[in-house]
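Dumped coords.cif below, it's mmCIF, C-alpha atoms:
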data_coords
#
loop_
_atom_site.group_PDB
_atom_site.id
_atom_site.type_symbol
_atom_site.label_atom_id
_atom_site.label_comp_id
_atom_site.auth_asym_id
_atom_site.auth_seq_id
_atom_site.Cartn_x
_atom_site.Cartn_y
_atom_site.Cartn_z
ATOM 1 C CA SER M 1298 -62.121 109.606 -57.780
ATOM 2 C CA HIS M 1299 -60.801 107.889 -60.902
ATOM 3 C CA ILE M 1300 -58.295 105.836 -58.864
ATOM 4 C CA SER M 1301 -61.302 104.008 -57.429
ATOM 5 C CA TRP M 1302 -62.256 102.892 -60.920
ATOM 6 C CA LEU M 1303 -59.804 103.220 -63.803
ATOM 7 C CA HIS M 1304 -56.770 101.920 -61.883
ATOM 8 C CA GLN M 1305 -58.543 99.183 -59.946
ATOM 9 C CA TRP M 1306 -57.957 95.434 -59.931
ATOM 10 C CA ASP M 1307 -59.876 92.606 -58.296
ATOM 11 C CA GLY M 1308 -56.905 91.321 -56.274
ATOM 12 C CA VAL M 1309 -57.290 94.292 -53.940
ATOM 13 C CA GLU M 1310 -59.896 92.263 -52.078
ATOM 14 C CA GLN M 1311 -57.223 89.718 -51.113
ATOM 15 C CA ILE M 1312 -54.782 92.240 -49.608
ATOM 16 C CA PRO M 1313 -54.656 91.400 -45.888
ATOM 17 C CA ASP M 1314 -55.388 94.016 -43.264
ATOM 18 C CA ASP M 1315 -51.954 94.972 -41.928
ATOM 19 C CA GLY M 1316 -53.234 97.073 -39.022
ATOM 20 C CA SER M 1317 -52.638 100.489 -40.615
ATOM 21 C CA ASP M 1318 -56.350 101.315 -40.980
ATOM 22 C CA LYS M 1319 -56.114 103.805 -38.121
ATOM 23 C CA PRO M 1320 -55.203 107.477 -37.717
ATOM 24 C CA GLY M 1321 -51.733 108.050 -39.101
ATOM 25 C CA TYR M 1322 -49.992 106.911 -42.260
ATOM 26 C CA PRO M 1323 -51.298 103.704 -43.852
ATOM 27 C CA THR M 1324 -49.270 101.385 -46.044
ATOM 28 C CA ASN M 1325 -49.466 101.665 -49.808
ATOM 29 C CA ALA M 1326 -51.179 98.278 -49.873
ATOM 30 C CA MET M 1327 -53.958 99.496 -47.588
ATOM 31 C CA SER M 1328 -54.382 102.621 -49.683
ATOM 32 C CA TRP M 1329 -55.480 100.380 -52.569
ATOM 33 C CA LYS M 1330 -58.111 98.894 -50.258
ATOM 34 C CA PHE M 1331 -59.357 102.315 -49.183
ATOM 35 C CA TRP M 1332 -59.673 103.508 -52.792
ATOM 36 C CA ARG M 1333 -61.731 100.443 -53.677
ATOM 37 C CA HIS M 1334 -63.786 100.451 -50.467
ATOM 38 C CA ASP M 1335 -65.070 104.024 -50.880
ATOM 39 C CA ARG M 1336 -65.456 104.704 -54.592
ATOM 40 C CA ALA M 1337 -67.309 108.009 -54.231
ATOM 41 C CA PRO M 1338 -64.928 110.319 -52.353
ATOM 42 C CA ARG M 1339 -66.009 113.728 -51.182
ATOM 43 C CA LEU M 1340 -63.911 116.543 -52.690
ATOM 44 C CA GLU M 1341 -62.892 119.720 -50.885
ATOM 45 C CA ILE M 1342 -60.801 122.571 -52.328
ATOM 46 C CA GLU M 1343 -58.590 125.272 -50.846
ATOM 47 C CA ASP M 1344 -57.268 128.124 -52.987
ATOM 48 C CA THR M 1345 -53.528 128.852 -52.704
ATOM 49 C CA TRP M 1346 -51.021 131.338 -54.138
ATOM 50 C CA TYR M 1347 -50.016 128.778 -56.783
ATOM 51 C CA GLY M 1348 -53.553 127.681 -57.702
ATOM 52 C CA PHE M 1349 -55.325 125.329 -55.337
ATOM 53 C CA LYS M 1350 -55.088 122.019 -53.562
ATOM 54 C CA TYR M 1351 -57.891 119.587 -53.158
ATOM 55 C CA ALA M 1352 -58.616 116.569 -51.001
ATOM 56 C CA GLY M 1353 -60.318 113.336 -51.920
ATOM 57 C CA ILE M 1354 -61.921 112.251 -48.653
ATOM 58 C CA ARG M 1355 -62.849 108.603 -48.110
ATOM 59 C CA THR M 1356 -64.120 106.514 -45.246
ATOM 60 C CA THR M 1357 -61.944 103.479 -44.537
ATOM 61 C CA PRO M 1358 -63.311 99.992 -43.715
ATOM 62 C CA ASN M 1359 -62.702 100.761 -40.022
ATOM 63 C CA GLY M 1360 -64.625 104.046 -40.280
ATOM 64 C CA HIS M 1361 -61.695 106.479 -40.295
ATOM 65 C CA THR M 1362 -61.221 109.506 -42.567
ATOM 66 C CA HIS M 1363 -58.626 108.954 -45.269
ATOM 67 C CA VAL M 1364 -57.497 111.905 -47.418
ATOM 68 C CA ARG M 1365 -55.398 112.297 -50.545
ATOM 69 C CA VAL M 1366 -54.302 115.887 -51.131
ATOM 70 C CA THR M 1367 -53.234 116.905 -54.646
ATOM 71 C CA ALA M 1368 -51.924 120.326 -55.694
ATOM 72 C CA TYR M 1369 -52.748 122.154 -58.921
ATOM 73 C CA CYS M 1370 -50.278 124.862 -59.954
ATOM 74 C CA TYR M 1371 -50.775 127.452 -62.676
ATOM 75 C CA PRO M 1372 -50.929 126.858 -65.559
ATOM 76 C CA PHE M 1373 -50.447 123.099 -66.171
ATOM 77 C CA PHE M 1374 -48.733 121.449 -63.190
ATOM 78 C CA THR M 1375 -50.129 118.854 -60.791
ATOM 79 C CA VAL M 1376 -48.531 117.272 -57.728
ATOM 80 C CA VAL M 1377 -50.462 114.048 -57.200
ATOM 81 C CA ALA M 1378 -51.066 112.643 -53.724
ATOM 82 C CA ALA M 1379 -48.562 110.120 -52.389
ATOM 83 C CA LEU M 1380 -47.433 108.696 -49.057
ATOM 84 C CA PRO M 1381 -46.412 110.476 -46.932
ATOM 85 C CA PHE M 1382 -46.021 113.476 -49.235
ATOM 86 C CA SER M 1383 -44.484 114.252 -52.616
ATOM 87 C CA THR M 1384 -42.920 117.072 -54.624
ATOM 88 C CA ARG M 1385 -43.247 115.310 -58.007
ATOM 89 C CA HIS M 1386 -44.843 117.576 -60.597
ATOM 90 C CA GLY M 1387 -46.675 116.296 -63.615
ATOM 91 C CA VAL M 1388 -46.391 118.913 -66.370
ATOM 92 C CA PHE M 1389 -48.809 118.878 -69.305
ATOM 93 C CA VAL M 1390 -47.610 121.430 -71.853
ATOM 94 C CA PRO M 1391 -49.702 122.243 -74.943
ATOM 95 C CA ILE M 1392 -47.607 121.946 -78.108
ATOM 96 C CA ASP M 1393 -50.379 123.097 -80.439
ATOM 97 C CA ASP M 1394 -54.156 122.755 -80.641
ATOM 98 C CA HIS M 1395 -53.946 118.975 -80.993
ATOM 99 C CA ASN M 1396 -50.881 117.732 -79.097
ATOM 100 C CA THR M 1397 -49.513 117.875 -75.577
ATOM 101 C CA ALA M 1398 -46.085 117.116 -74.129
ATOM 102 C CA ARG M 1399 -45.978 115.366 -70.753
ATOM 103 C CA PHE M 1400 -43.075 115.832 -68.361
ATOM 104 C CA THR M 1401 -42.416 114.904 -64.752
ATOM 105 C CA PHE M 1402 -39.831 116.140 -62.256
ATOM 106 C CA VAL M 1403 -39.294 116.538 -58.529
ATOM 107 C CA THR M 1404 -38.434 119.923 -57.068
ATOM 108 C CA ARG M 1405 -36.413 118.302 -54.280
ATOM 109 C CA ASP M 1406 -35.729 114.857 -52.878
ATOM 110 C CA VAL M 1407 -38.018 113.990 -49.986
ATOM 111 C CA GLU M 1408 -36.566 111.744 -47.332
ATOM 112 C CA ASN M 1409 -38.686 109.020 -45.740
ATOM 113 C CA PRO M 1410 -36.569 107.877 -42.787
ATOM 114 C CA HIS M 1411 -39.509 106.149 -41.106
ATOM 115 C CA GLY M 1412 -40.299 104.022 -44.147
ATOM 116 C CA ILE M 1413 -43.868 105.330 -44.280
ATOM 117 C CA GLY M 1414 -45.977 103.424 -46.778
ATOM 118 C CA GLY M 1415 -43.813 100.306 -46.726
ATOM 119 C CA PRO M 1416 -43.300 98.523 -50.052
ATOM 120 C CA GLY M 1417 -43.968 100.623 -53.131
ATOM 121 C CA LEU M 1418 -47.395 101.318 -54.548
ATOM 122 C CA PHE M 1419 -46.973 98.777 -57.351
ATOM 123 C CA GLU M 1420 -45.475 95.917 -55.349
ATOM 124 C CA ARG M 1421 -48.710 93.913 -55.207
ATOM 125 C CA THR M 1422 -50.456 95.031 -58.371
ATOM 126 C CA PRO M 1423 -50.664 93.354 -61.798
ATOM 127 C CA PHE M 1424 -49.664 96.684 -63.371
ATOM 128 C CA THR M 1425 -46.375 97.775 -64.893
ATOM 129 C CA HIS M 1426 -45.095 101.348 -64.640
ATOM 130 C CA ALA M 1427 -42.861 102.745 -67.377
ATOM 131 C CA ARG M 1428 -40.945 105.181 -65.174
ATOM 132 C CA ASN M 1429 -40.223 102.533 -62.548
ATOM 133 C CA GLU M 1430 -38.956 100.110 -65.174
ATOM 134 C CA GLN M 1431 -37.149 102.455 -67.577
ATOM 135 C CA GLY M 1432 -35.911 105.142 -65.226
ATOM 136 C CA THR M 1433 -35.646 108.795 -66.170
ATOM 137 C CA GLY M 1434 -35.233 110.389 -69.563
ATOM 138 C CA VAL M 1435 -37.447 110.263 -72.636
ATOM 139 C CA LEU M 1436 -39.654 107.206 -72.249
ATOM 140 C CA PRO M 1437 -40.952 105.553 -75.423
ATOM 141 C CA ARG M 1438 -44.693 105.043 -75.762
ATOM 142 C CA VAL M 1439 -45.242 101.282 -75.882
ATOM 143 C CA TYR M 1440 -49.039 101.397 -75.631
ATOM 144 C CA THR M 1441 -50.855 103.741 -78.016
ATOM 145 C CA ALA M 1442 -54.161 104.040 -79.841
ATOM 146 C CA GLU M 1443 -52.603 102.157 -82.749
ATOM 147 C CA ASN M 1444 -52.307 98.979 -80.668
ATOM 148 C CA ASP M 1445 -55.410 99.674 -78.534
ATOM 149 C CA TYR M 1446 -53.118 100.443 -75.595
ATOM 150 C CA GLY M 1447 -52.387 96.727 -75.327
ATOM 151 C CA ILE M 1448 -55.843 96.083 -73.904
ATOM 152 C CA ASP M 1449 -56.518 92.463 -72.961
ATOM 153 C CA ARG M 1450 -60.249 91.780 -72.827
ATOM 154 C CA VAL M 1451 -59.798 88.552 -70.837
ATOM 155 C CA VAL M 1452 -57.812 90.442 -68.205
ATOM 156 C CA GLN M 1453 -60.457 93.155 -68.261
ATOM 157 C CA ARG M 1454 -63.205 90.627 -67.559
ATOM 158 C CA THR M 1455 -61.327 88.724 -64.874
ATOM 159 C CA LEU M 1456 -58.745 90.930 -63.160
ATOM 160 C CA THR M 1457 -58.529 94.668 -63.897
ATOM 161 C CA TYR M 1458 -61.016 97.393 -64.674
ATOM 162 C CA SER M 1459 -59.242 98.642 -67.805
ATOM 163 C CA GLY M 1460 -57.456 95.571 -69.179
ATOM 164 C CA VAL M 1461 -54.444 97.829 -69.875
ATOM 165 C CA ALA M 1462 -51.246 96.654 -68.189
ATOM 166 C CA GLU M 1463 -49.201 99.863 -67.973
ATOM 167 C CA PHE M 1464 -50.458 102.213 -65.282
ATOM 168 C CA VAL M 1465 -49.955 105.595 -66.983
ATOM 169 C CA SER M 1466 -51.217 104.194 -70.298
ATOM 170 C CA GLN M 1467 -54.565 103.675 -68.576
ATOM 171 C CA ASP M 1468 -54.729 107.463 -68.234
ATOM 172 C CA PHE M 1469 -53.569 107.947 -71.824
ATOM 173 C CA MET M 1470 -56.306 105.610 -73.012
ATOM 174 C CA VAL M 1471 -59.186 107.517 -71.445
ATOM 175 C CA THR M 1472 -57.859 110.994 -72.281
ATOM 176 C CA GLU M 1473 -56.727 110.376 -75.840
ATOM 177 C CA SER M 1474 -59.863 108.435 -76.761
ATOM 178 C CA MET M 1475 -61.881 111.631 -76.196
ATOM 179 C CA GLY M 1476 -60.362 112.949 -79.414
ATOM 180 C CA GLN M 1477 -58.026 115.839 -80.114
ATOM 181 C CA ILE M 1478 -60.736 118.472 -79.644
ATOM 182 C CA TYR M 1479 -63.403 117.411 -77.173
ATOM 183 C CA ASP M 1480 -66.920 118.829 -77.364
ATOM 184 C CA ARG M 1481 -67.213 120.110 -73.817
ATOM 185 C CA SER M 1482 -70.721 121.415 -74.506
ATOM 186 C CA GLN M 1483 -71.807 117.801 -74.006
ATOM 187 C CA GLU M 1484 -70.276 117.551 -70.533
ATOM 188 C CA ARG M 1485 -72.375 117.178 -67.419
ATOM 189 C CA LEU M 1486 -69.947 117.971 -64.628
ATOM 190 C CA GLY M 1487 -70.828 116.865 -61.113
ATOM 191 C CA THR M 1488 -69.501 116.808 -57.555
ATOM 192 C CA SER M 1489 -66.567 114.551 -58.481
ATOM 193 C CA ASP M 1490 -65.445 117.224 -60.985
ATOM 194 C CA LYS M 1491 -64.941 120.043 -58.488
ATOM 195 C CA ALA M 1492 -61.204 120.289 -59.171
ATOM 196 C CA ILE M 1493 -61.767 120.390 -62.942
ATOM 197 C CA ILE M 1494 -64.315 123.171 -62.525
ATOM 198 C CA ARG M 1495 -61.995 125.197 -60.277
ATOM 199 C CA MET M 1496 -59.018 124.766 -62.622
ATOM 200 C CA ARG M 1497 -60.979 125.984 -65.641
ATOM 201 C CA ARG M 1498 -62.338 128.993 -63.784
ATOM 202 C CA LEU M 1499 -58.854 129.956 -62.597
ATOM 203 C CA LEU M 1500 -57.382 129.600 -66.086
ATOM 204 C CA LEU M 1501 -60.185 131.602 -67.693
ATOM 205 C CA GLY M 1502 -59.819 134.288 -65.034
ATOM 206 C CA ALA M 1503 -56.054 134.443 -65.540
ATOM 207 C CA ALA M 1504 -56.485 134.701 -69.323
ATOM 208 C CA ARG M 1505 -58.983 137.543 -68.981
ATOM 209 C CA GLY M 1506 -56.699 139.295 -66.524
ATOM 210 C CA LEU M 1507 -53.724 138.958 -68.857
ATOM 211 C CA ALA M 1508 -55.769 140.413 -71.715
ATOM 212 C CA ASP M 1509 -56.580 143.382 -69.461
ATOM 213 C CA GLY M 1510 -52.920 143.949 -68.610
ATOM 214 C CA ALA M 1511 -52.691 142.090 -65.299
ATOM 215 C CA PRO M 1512 -49.585 139.954 -64.683
ATOM 216 C CA PRO M 1513 -50.067 136.180 -64.911
ATOM 217 C CA PRO M 1514 -50.497 134.497 -61.524
ATOM 218 C CA ALA M 1515 -47.812 132.624 -59.582
ATOM 219 C CA VAL M 1516 -44.757 133.847 -61.504
ATOM 220 C CA ASP M 1517 -43.159 136.033 -58.820
ATOM 221 C CA GLY M 1518 -39.484 135.109 -58.554
ATOM 222 C CA ASP M 1519 -39.615 135.274 -54.762
ATOM 223 C CA LEU M 1520 -42.135 132.441 -54.513
ATOM 224 C CA ASP M 1521 -40.781 129.049 -53.450
ATOM 225 C CA TYR M 1522 -42.247 126.293 -55.594
ATOM 226 C CA ARG M 1523 -40.135 123.700 -53.800
ATOM 227 C CA GLY M 1524 -42.499 123.858 -50.844
ATOM 228 C CA ILE M 1525 -45.516 122.689 -52.886
ATOM 229 C CA ARG M 1526 -46.301 119.169 -51.730
ATOM 230 C CA SER M 1527 -49.060 116.609 -52.071
ATOM 231 C CA ALA M 1528 -49.914 114.289 -49.186
ATOM 232 C CA GLU M 1529 -51.899 111.277 -48.010
ATOM 233 C CA LYS M 1530 -52.938 110.300 -44.494
ATOM 234 C CA ILE M 1531 -55.692 108.956 -42.221
ATOM 235 C CA LEU M 1532 -56.757 111.904 -40.087
ATOM 236 C CA GLU M 1533 -57.093 112.040 -36.344
ATOM 237 C CA PRO M 1534 -60.671 112.898 -35.303
ATOM 238 C CA GLY M 1535 -61.249 116.601 -35.867
ATOM 239 C CA ALA M 1536 -57.978 117.151 -37.773
ATOM 240 C CA ASP M 1537 -57.905 119.443 -40.829
ATOM 241 C CA TRP M 1538 -56.466 118.061 -44.068
ATOM 242 C CA ARG M 1539 -55.330 121.536 -45.148
ATOM 243 C CA ALA M 1540 -52.184 121.346 -43.012
ATOM 244 C CA LEU M 1541 -50.943 118.144 -44.625
ATOM 245 C CA GLY M 1542 -47.787 118.573 -46.673
ATOM 246 C CA THR M 1543 -47.369 122.220 -45.659
ATOM 247 C CA ASP M 1544 -44.567 123.708 -43.591
ATOM 248 C CA ASP M 1545 -46.917 123.356 -40.591
ATOM 249 C CA ASP M 1546 -47.088 119.576 -40.991
ATOM 250 C CA PRO M 1547 -45.044 117.936 -38.174
ATOM 251 C CA LEU M 1548 -43.659 115.311 -40.537
ATOM 252 C CA VAL M 1549 -42.585 117.992 -43.019
ATOM 253 C CA ARG M 1550 -40.844 119.945 -40.250
ATOM 254 C CA GLU M 1551 -39.005 116.781 -39.233
ATOM 255 C CA THR M 1552 -38.023 115.373 -42.621
ATOM 256 C CA ASP M 1553 -38.313 118.185 -45.184
ATOM 257 C CA PRO M 1554 -37.784 121.595 -43.586
ATOM 258 C CA PRO M 1555 -38.781 124.613 -45.664
ATOM 259 C CA ALA M 1556 -36.475 125.272 -48.586
ATOM 260 C CA ARG M 1557 -34.630 128.552 -48.650
ATOM 261 C CA LEU M 1558 -34.215 130.376 -51.915
ATOM 262 C CA PRO M 1559 -30.670 131.532 -52.710
ATOM 263 C CA GLN M 1560 -30.027 135.123 -51.819
ATOM 264 C CA ALA M 1561 -28.964 137.672 -54.405
ATOM 265 C CA GLY M 1562 -25.297 137.130 -55.220
ATOM 266 C CA GLY M 1563 -25.360 133.738 -53.480
#
Translate this structure into structure tokens?
Amino acid sequence: SHISWLHQWDGVEQIPDDGSDKPGYPTNAMSWKFWRHDRAPRLEIEDTWYGFKYAGIRTTPNGHTHVRVTAYCYPFFTVVAALPFSTRHGVFVPIDDHNTARFTFVTRDVENPHGIGGPGLFERTPFTHARNEQGTGVLPRVYTAENDYGIDRVVQRTLTYSGVAEFVSQDFMVTESMGQIYDRSQERLGTSDKAIIRMRRLLLGAARGLADGAPPPAVDGDLDYRGIRSAEKILEPGADWRALGTDDDPLVRETDPPARLPQAGG
């Protein structure tokens, strides 16, 4: 639900209705409107062999059901929802008790021959995005705690929720400001934290299992991680979000057929 708050900006209200608030794939511009319109999404979770996937379910201005499906993969991977679907993993690797390395990669290129989503997610926003501007490789941190993440209090009062210009640095700001070791005994988790709760329970269960001699989950060499996808869509009445981005999704079958692992000796 944080995209309805942390990453919001007041200009969303001026984005014109382009007619994609209907069952099917909306434009990226309309997605911003949906996130702002319904700021308390309902969360649903489905366990999978790699961890789980969860849906943020919102009601659009026209009364339709909009879903964003994100995948969590053991032990520290996430595939964040995108139009129409994505294979981009965010990887958050502990270095030690106080530091974390952040990586991102795609398991395979996903074609979008129908141009679903239209112009990119950041075409209309006042935000910058380091990866879009600097490309791949090791990206320098421009906004850090030392410079208050470049926060502009005038912009915060008049245009954006955070006042921080760079999109990912908005996430850095709220996570790093919790401190290196956060006192989780003070947390009061609620319905918007369902995915956090499930992730912690899975990790604790895997750690206990490993201590008892069980193999860690989701490390079988025969498993195909290239088929893990996130997704976003406005559902037809009665449709189930759980099929989105899977090999049963009609759009996946058309544009991204199931990957085949190389055979022994191949």
Practice prompt. Name every residue that the PyMOL selection byres ((chain M and resi 1364) around 7) selects in this structure, writing the answer as a PyMOL selection string with chains first and numbers rising.
Written response: chain M and resi 1352-1355+1362-1363+1365-1366+1529-1531
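Between CA of Pro1320 in chain M and CA of Pro1381 in chain M lies a distance of 13.1 Å.
When you apply the PyMOL selection byres ((chain M and resi 1301) around 9) to this structure, what comes back is Ser1298, His1299, Ile1300, Trp1302, Leu1303, His1304, Gln1305, Trp1329, Phe1331, Trp1332, Arg1333, His1334, Asp1335, Arg1336, Ala1337 and Pro1338 of chain M.
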Report as a compact mmCIF listing (two decimals) with C-alpha atoms, keeping the file's coordinate frame the residues that result from applying the PyMOL selection byres ((chain M and resi 1421) around 10) to the structure here.
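Full text of part-v1.txt as output:
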# COMPACT_ATOMS: atom_id res chain seq x y z
CA GLY M 1308 -56.90 91.32 -56.27
CA VAL M 1309 -57.29 94.29 -53.94
CA ILE M 1312 -54.78 92.24 -49.61
CA ASN M 1325 -49.47 101.66 -49.81
CA ALA M 1326 -51.18 98.28 -49.87
CA TRP M 1329 -55.48 100.38 -52.57
CA PRO M 1416 -43.30 98.52 -50.05
CA GLY M 1417 -43.97 100.62 -53.13
CA LEU M 1418 -47.40 101.32 -54.55
CA PHE M 1419 -46.97 98.78 -57.35
CA GLU M 1420 -45.48 95.92 -55.35
CA THR M 1422 -50.46 95.03 -58.37
CA PRO M 1423 -50.66 93.35 -61.80
CA PHE M 1424 -49.66 96.68 -63.37
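Counting from CA of Pro1513 in chain M, the distance to CA of Ser1383 in chain M is 25.8 Å.
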Worksheet entry | 10 Å contact set for range 1477-1485 of chain M, all atoms listed in the file, chain neighbours under 3 positions out, as a list in words | Asp1394, His1395, Asn1396, Thr1397, Thr1472, Glu1473, Ser1474 and Asp1490 of chain M
Worksheet item: At what distance in Å, to one decimal, does CA of Arg1405 in chain M lie from CA of Arg1523 in chain M?
Response: 6.6 Å
Draw an axis-aligned box tight on the listed atoms of range 1307-1323 of chain M, then pad every side by 6 Å and write out centre and edge lengths in Å to one decimal as lines of an AutoDock Vina configuration file.
center_x = -54.9
center_y = 98.9
center_z = -48.0
size_x = 21.9
size_y = 30.3
size_z = 32.6
Worksheet item: Quick one: of M:Val1516, M:Ile1525, M:Ala1368, M:Ala1427, who's nearest to Thr1404 in chain M, counting all atoms listed in the file?
Response: M:Ile1525
Practice prompt. Can you pull out every residue within 9 Å of Val1465 in chain M, counting all atoms listed in the file, but drop anything in the same chain fewer than 5 positions away, and send it as a list in words?
Written response: Thr1425, His1426, Ala1427 and Met1470 of chain M
Discussion item. So, with all atoms listed in the file as the atoms that count, which of M:Trp1306, M:Glu1533, M:Pro1372, M:Thr1357 lies closest to Leu1501 in chain M?
Written reply: M:Pro1372
Worksheet entry | Given all atoms listed in the file as the counted atoms, nearest of M:Leu1340, M:Ala1515, M:Lys1319, M:Ala1540 to Lys1491 in chain M | M:Leu1340
